[in-house]
Structures are given as structure tokens and as C-alpha cells.
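Participant: Have a peek at entry.cif (mmCIF, C-alpha atoms).
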data_coords
#
loop_
_atom_site.label_atom_id
_atom_site.label_comp_id
_atom_site.auth_asym_id
_atom_site.auth_seq_id
_atom_site.Cartn_x
_atom_site.Cartn_y
_atom_site.Cartn_z
CA MET M 1245 0.00 0.00 0.00
CA ASN M 1246 2.84 2.40 0.80
CA GLU M 1247 4.40 1.73 -2.61
CA ARG M 1248 1.11 2.53 -4.28
CA LYS M 1249 0.80 5.82 -2.41
CA LYS M 1250 4.32 6.82 -3.47
CA ALA M 1251 3.55 5.97 -7.08
CA GLU M 1252 0.49 8.23 -7.00
CA SER M 1253 2.30 11.27 -5.57
CA PRO M 1254 1.82 14.21 -7.92
CA GLU M 1255 4.94 15.74 -9.37
CA PHE M 1256 5.49 19.38 -10.22
CA ALA M 1257 7.84 21.49 -12.28
CA LYS M 1258 10.39 23.59 -10.44
CA ALA M 1259 8.45 26.78 -11.18
CA GLU M 1260 5.25 25.29 -9.77
CA LEU M 1261 6.97 24.32 -6.51
CA LEU M 1262 8.52 27.76 -6.19
CA ALA M 1263 5.10 29.38 -6.70
CA SER M 1264 3.57 27.24 -3.95
CA LYS M 1265 2.59 28.82 -0.63
CA ARG M 1266 3.74 25.61 1.04
CA TYR M 1267 7.36 26.81 1.29
CA THR M 1268 8.93 29.81 3.02
CA GLY M 1269 11.07 32.31 1.17
CA VAL M 1270 14.27 30.70 2.46
CA ASP M 1271 13.02 27.23 1.48
CA LYS M 1272 12.25 28.51 -2.01
CA ASP M 1273 15.79 29.91 -2.30
CA VAL M 1274 17.23 26.50 -1.36
CA LEU M 1275 14.93 24.67 -3.77
CA ARG M 1276 15.75 27.13 -6.55
CA ALA M 1277 19.42 26.24 -6.17
CA MET M 1278 19.02 22.48 -5.65
CA LEU M 1279 16.28 21.41 -8.07
CA PRO M 1280 17.03 20.67 -11.71
CA ASP M 1281 15.24 22.99 -14.14
CA HIS M 1282 13.58 20.39 -16.36
CA GLU M 1283 12.64 17.61 -13.95
CA LEU M 1284 9.34 16.92 -12.22
CA VAL M 1285 9.56 16.68 -8.43
CA SER M 1286 7.06 15.64 -5.77
CA HIS M 1287 6.49 17.62 -2.58
CA GLU M 1288 7.90 14.65 -0.69
CA ARG M 1289 11.19 14.78 -2.60
CA ALA M 1290 11.41 18.54 -2.18
CA ALA M 1291 10.85 18.13 1.57
CA ARG M 1292 13.62 15.49 1.74
CA LEU M 1293 16.03 17.80 -0.10
CA LEU M 1294 15.22 20.65 2.27
CA GLN M 1295 15.66 18.40 5.30
CA GLN M 1296 19.03 17.15 4.04
CA PHE M 1297 20.16 20.73 3.40
CA LYS M 1298 19.10 21.87 6.87
CA GLN M 1299 20.95 18.96 8.51
CA THR M 1300 24.18 19.59 6.61
CA GLU M 1301 26.95 20.75 8.91
CA VAL M 1302 28.32 24.20 8.19
CA ARG M 1303 32.08 24.28 7.65
#
Can you present the structure in this file as C-alpha cells?
Facilitator:
Amino acid sequence: MNERKKAESPEFAKAELLASKRYTGVDKDVLRAMLPDHELVSHERAARLLQQFKQTEVR
């Protein structure tokens, strides 16, 4: 069932994610830098990328 739910997750273009009210301004800046321009991405993947970025140790 979990696999089926993942398969049905909607995917969005980078511009659509950046236009979403779901993300803060800082989150949008991070996504703008990290997401490929011509690839569809789900909200779940975007959230994972943001989480990984926020957990990265600053040097």
C-alpha cells in the first residue's frame, strides 16, 4: 500500500513548486538552487532535499 501511495504522488515542475505557498522564502531559495530545471519533483522529494540541506553541517 505504501508503494502505491508513493507511485500516485503528484509531481510538479520547479516553477510550480517555487510558486507554492507551502514553502517559506528561504526554502524557495534553497529549492531554486538544488532542483534541476527540467525535472518533475514531488512535494515529498522537495521536503527530503530541504531536510538534508538543513541537517548539513556548516564548515
Participant: When you look at segment 1252-1266 of chain M with a cut-off of 8 Å (counting all atoms listed in the file), what residues show up, excluding the ones that are within fewer than 4 positions of it in the same chain? I need them as a ChimeraX atom specification.
Facilitator: /M:1248,1272,1275-1276,1279-1287
Participant: What's the separation between atom CA of Gln1299 of chain M and atom CA of Val1274 of chain M, in Å to one decimal place?
Facilitator: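 So the answer is 13.0 Å.
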Participant: Env of Phe1297 of chain M: 12 Å cut, atoms = only C-alpha atoms, seq-sep filter 6 positions within chain, self excluded. Answer as a ChimeraX atom specification.
Facilitator: /M:1270-1271,1273-1275,1277-1278,1290-1291
Participant: Once you add 8 Å to each side, what are the centre and edge lengths of the axis-aligned box holding all listed atoms of segment 1260-1278 of chain M? One decimal in Å, as lines of an AutoDock Vina configuration file, if you can.
Facilitator:
center_x = 11.0
center_y = 27.4
center_z = -3.4
size_x = 32.8
size_y = 25.8
size_z = 28.8
